[in-house]
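J.: Provided herewith is a single structure, encoded as structure tokens, for subsequent inquiry.
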Amino acid sequence: MDEFKTRDDVVKLFIARAKEISETNHSYQSTILLAIYSAKVFARPELAANSESAFFLHLLSQVNDNDLRHFELIYDHAAALELKFTLVYACDAYYQSNW
């Protein structure tokens, strides 16, 4: 970020890259995610200089709607398993403490 004169320059560069990706990518869901994240960058310009933001742009330039749908399914499944295991451990801890 030091090589840019202002934060506005960084935000402009981020938005230009997001626009380029949305125009060349044929993923409707990626375009929506780019728009949502770009709004966050407008609200918090320091996000534009994050390495996570650069990774996010690169990731969304490479995925399609099927990739995102499968990621969502895997994430939901993992979250459900974690909740299930958390509840089992909580119940075990409760019963063990009461005996």
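In the structure tokens, the first chain shown is A, the next is B, and so on; residue numbers restart at 1 for each chain, and ligands run from 1 in the order shown.
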Quick one: residues within 9 Å of Arg7 in chain A, only C-alpha atoms counted, chain neighbours fewer than 5 positions away excluded, as a ChimeraX atom specification?

T.: /A:1,12,45-46,48-49

J.: Output the selection as a short mmCIF file (atom, residue, chain, number, x, y, z; two decimals), in the first residue's frame - C-alpha atoms for each residue.

T.:
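Wrote it out as part26.cif, contents follow:
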data_model
loop_
_atom_site.label_atom_id
_atom_site.label_comp_id
_atom_site.auth_asym_id
_atom_site.auth_seq_id
_atom_site.Cartn_x
_atom_site.Cartn_y
_atom_site.Cartn_z
CA MET A 1 0.00 0.00 0.00
CA LYS A 12 -9.84 2.12 -7.22
CA PRO A 45 -10.89 0.87 2.52
CA GLU A 46 -8.21 -0.92 4.55
CA ALA A 48 -8.45 -3.42 -0.23
CA ALA A 49 -4.83 -3.67 0.90
#

J.: Counting only C-alpha atoms, what is within 9 Å of range 51-55 of chain A, bar same-chain residues fewer than 4 positions away, as a tab-separated table (two decimals) with N, CA and C atoms, in the first residue's frame?

T.:
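Heads up, here's the output in around16.tsv:
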chain	number	residue	atom	x	y	z
A	14	PHE	N	-8.62	-2.04	-6.59
A	14	PHE	CA	-9.41	-3.20	-6.20
A	14	PHE	C	-10.70	-3.27	-7.01
A	37	TYR	N	-18.57	-7.99	-1.60
A	37	TYR	CA	-17.27	-7.69	-1.00
A	37	TYR	C	-16.78	-6.29	-1.42
A	47	LEU	N	-9.52	-2.85	3.80
A	47	LEU	CA	-9.69	-4.21	3.29
A	47	LEU	C	-9.04	-4.39	1.91
A	59	LEU	N	-9.54	-16.13	-6.16
A	59	LEU	CA	-10.42	-17.28	-6.01
A	59	LEU	C	-11.69	-17.11	-6.84
A	60	LEU	N	-12.32	-15.96	-6.73
A	60	LEU	CA	-13.57	-15.75	-7.46
A	60	LEU	C	-13.36	-15.64	-8.97

J.: When you count only C-alpha atoms, which of these residues is closest to Thr24 in chain A: A:Ala80, A:Val41, A:Val63, A:Ile74?

T.: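 Closest to Thr24 in chain A, using only C-alpha atoms: A:Val63.
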
J.: Identify, on the basis of only C-alpha atoms, every residue whose closest approach to range 20-23 of chain A does not exceed 10 Å; exclude the query and any residue fewer than 6 positions from it along the same chain; express the result as JSON, numbers by chain.

T.: {"A": [14, 30, 31, 32, 33, 34, 35, 57, 58, 60, 61, 62]}

J.: Just write the chosen residues, N, CA and C atoms, as a CSV table (one decimal), in the first residue's frame.

T.:
chain,number,residue,atom,x,y,z
A,14,PHE,N,-8.6,-2.0,-6.6
A,14,PHE,CA,-9.4,-3.2,-6.2
A,14,PHE,C,-10.7,-3.3,-7.0
A,30,SER,N,-20.4,-15.7,-8.4
A,30,SER,CA,-19.2,-15.1,-8.1
A,30,SER,C,-19.3,-13.5,-8.3
A,31,THR,N,-20.1,-13.1,-9.3
A,31,THR,CA,-20.3,-11.7,-9.5
A,31,THR,C,-21.1,-11.1,-8.3
A,32,ILE,N,-22.0,-11.8,-7.8
A,32,ILE,CA,-22.8,-11.3,-6.6
A,32,ILE,C,-21.8,-11.2,-5.4
A,33,LEU,N,-21.0,-12.2,-5.2
A,33,LEU,CA,-20.0,-12.2,-4.1
A,33,LEU,C,-19.0,-11.0,-4.3
A,34,LEU,N,-18.6,-10.8,-5.5
A,34,LEU,CA,-17.7,-9.7,-5.8
A,34,LEU,C,-18.4,-8.4,-5.4
A,35,ALA,N,-19.6,-8.2,-5.8
A,35,ALA,CA,-20.4,-7.0,-5.5
A,35,ALA,C,-20.5,-6.8,-4.0
A,57,LEU,N,-10.2,-12.2,-4.6
A,57,LEU,CA,-10.4,-11.8,-6.0
A,57,LEU,C,-9.9,-12.9,-6.9
A,58,HIS,N,-8.7,-13.5,-6.6
A,58,HIS,CA,-8.2,-14.6,-7.4
A,58,HIS,C,-9.1,-15.8,-7.3
A,60,LEU,N,-12.3,-16.0,-6.7
A,60,LEU,CA,-13.6,-15.8,-7.5
A,60,LEU,C,-13.4,-15.6,-9.0
A,61,SER,N,-12.1,-15.4,-9.4
A,61,SER,CA,-11.9,-15.4,-10.8
A,61,SER,C,-11.7,-16.8,-11.4
A,62,GLN,N,-11.5,-17.7,-10.5
A,62,GLN,CA,-11.3,-19.1,-10.9
A,62,GLN,C,-12.4,-20.1,-10.8

J.: What lies within 12 Å of Arg69 in chain A using only C-alpha atoms, ignoring chain neighbours under 6 positions off, as a tab-separated table (two decimals) with all heavy atoms, in the first residue's frame?

T.:
chain	number	residue	atom	x	y	z
A	27	SER	N	-19.72	-16.67	-14.00
A	27	SER	CA	-20.39	-17.16	-12.80
A	27	SER	C	-21.24	-16.06	-12.20
A	27	SER	O	-20.73	-15.03	-11.75
A	27	SER	CB	-19.37	-17.65	-11.78
A	27	SER	OG	-20.00	-17.94	-10.56
A	28	TYR	N	-22.54	-16.30	-12.16
A	28	TYR	CA	-23.47	-15.33	-11.59
A	28	TYR	C	-23.22	-15.17	-10.09
A	28	TYR	O	-23.19	-14.05	-9.57
A	28	TYR	CB	-24.91	-15.80	-11.86
A	28	TYR	CG	-25.97	-14.92	-11.28
A	28	TYR	CD1	-26.23	-13.67	-11.82
A	28	TYR	CD2	-26.71	-15.33	-10.17
A	28	TYR	CE1	-27.20	-12.85	-11.29
A	28	TYR	CE2	-27.69	-14.52	-9.64
A	28	TYR	CZ	-27.93	-13.27	-10.19
A	28	TYR	OH	-28.89	-12.46	-9.66
A	29	GLN	N	-23.01	-16.28	-9.39
A	29	GLN	CA	-22.79	-16.22	-7.95
A	29	GLN	C	-21.48	-15.53	-7.59
A	29	GLN	O	-21.40	-14.79	-6.61
A	29	GLN	CB	-22.84	-17.63	-7.35
A	29	GLN	CG	-24.22	-18.24	-7.41
A	29	GLN	CD	-24.24	-19.67	-6.91
A	29	GLN	OE1	-23.21	-20.32	-6.84
A	29	GLN	NE2	-25.42	-20.15	-6.56
A	30	SER	N	-20.44	-15.74	-8.39
A	30	SER	CA	-19.17	-15.06	-8.14
A	30	SER	C	-19.33	-13.55	-8.29
A	30	SER	O	-18.77	-12.78	-7.52
A	30	SER	CB	-18.09	-15.53	-9.12
A	30	SER	OG	-17.69	-16.83	-8.82
A	63	VAL	N	-13.45	-19.72	-10.01
A	63	VAL	CA	-14.53	-20.66	-9.73
A	63	VAL	C	-15.75	-20.39	-10.60
A	63	VAL	O	-15.91	-19.31	-11.15
A	63	VAL	CB	-14.95	-20.62	-8.23
A	63	VAL	CG1	-13.81	-21.03	-7.35
A	63	VAL	CG2	-15.49	-19.27	-7.84
A	75	TYR	N	-19.52	-27.21	3.15
A	75	TYR	CA	-19.49	-26.37	4.35
A	75	TYR	C	-20.68	-26.67	5.25
A	75	TYR	O	-20.52	-26.81	6.48
A	75	TYR	CB	-19.49	-24.89	3.94
A	75	TYR	CG	-19.39	-23.96	5.12
A	75	TYR	CD1	-18.16	-23.62	5.65
A	75	TYR	CD2	-20.53	-23.42	5.70
A	75	TYR	CE1	-18.06	-22.77	6.74
A	75	TYR	CE2	-20.45	-22.58	6.79
A	75	TYR	CZ	-19.21	-22.25	7.30
A	75	TYR	OH	-19.12	-21.42	8.38
A	76	ASP	N	-21.87	-26.77	4.67
A	76	ASP	CA	-23.06	-27.08	5.47
A	76	ASP	C	-22.94	-28.45	6.14
A	76	ASP	O	-23.31	-28.61	7.30
A	76	ASP	CB	-24.32	-27.04	4.60
A	76	ASP	CG	-24.71	-25.62	4.20
A	76	ASP	OD1	-24.20	-24.66	4.80
A	76	ASP	OD2	-25.53	-25.49	3.26

J.: Using Å and a single decimal, report how far CA of Ile36 in chain A sits from CA of Asp67 in chain A.

T.: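 Result for CA of Asp67 in chain A versus CA of Ile36 in chain A: 18.5 Å, one decimal.
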
J.: Between CA of Asp65 in chain A and CA of Ser38 in chain A, measure the distance and give it in Å to one decimal.

T.: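 So the two atoms, CA of Asp65 in chain A and CA of Ser38 in chain A, lie 19.0 Å apart.
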
J.: For the structure I just gave you, how does DSSP split range 3-43 of chain A - specifically, which residues are helix (DSSP H, G or I)? Reply as JSON, numbers by chain.

T.: {"A": [7, 8, 9, 10, 11, 12, 13, 14, 15, 16, 17, 18, 19, 20, 21, 22, 23, 24, 28, 29, 30, 31, 32, 33, 34, 35, 36, 37, 38, 39, 40, 41, 42, 43]}
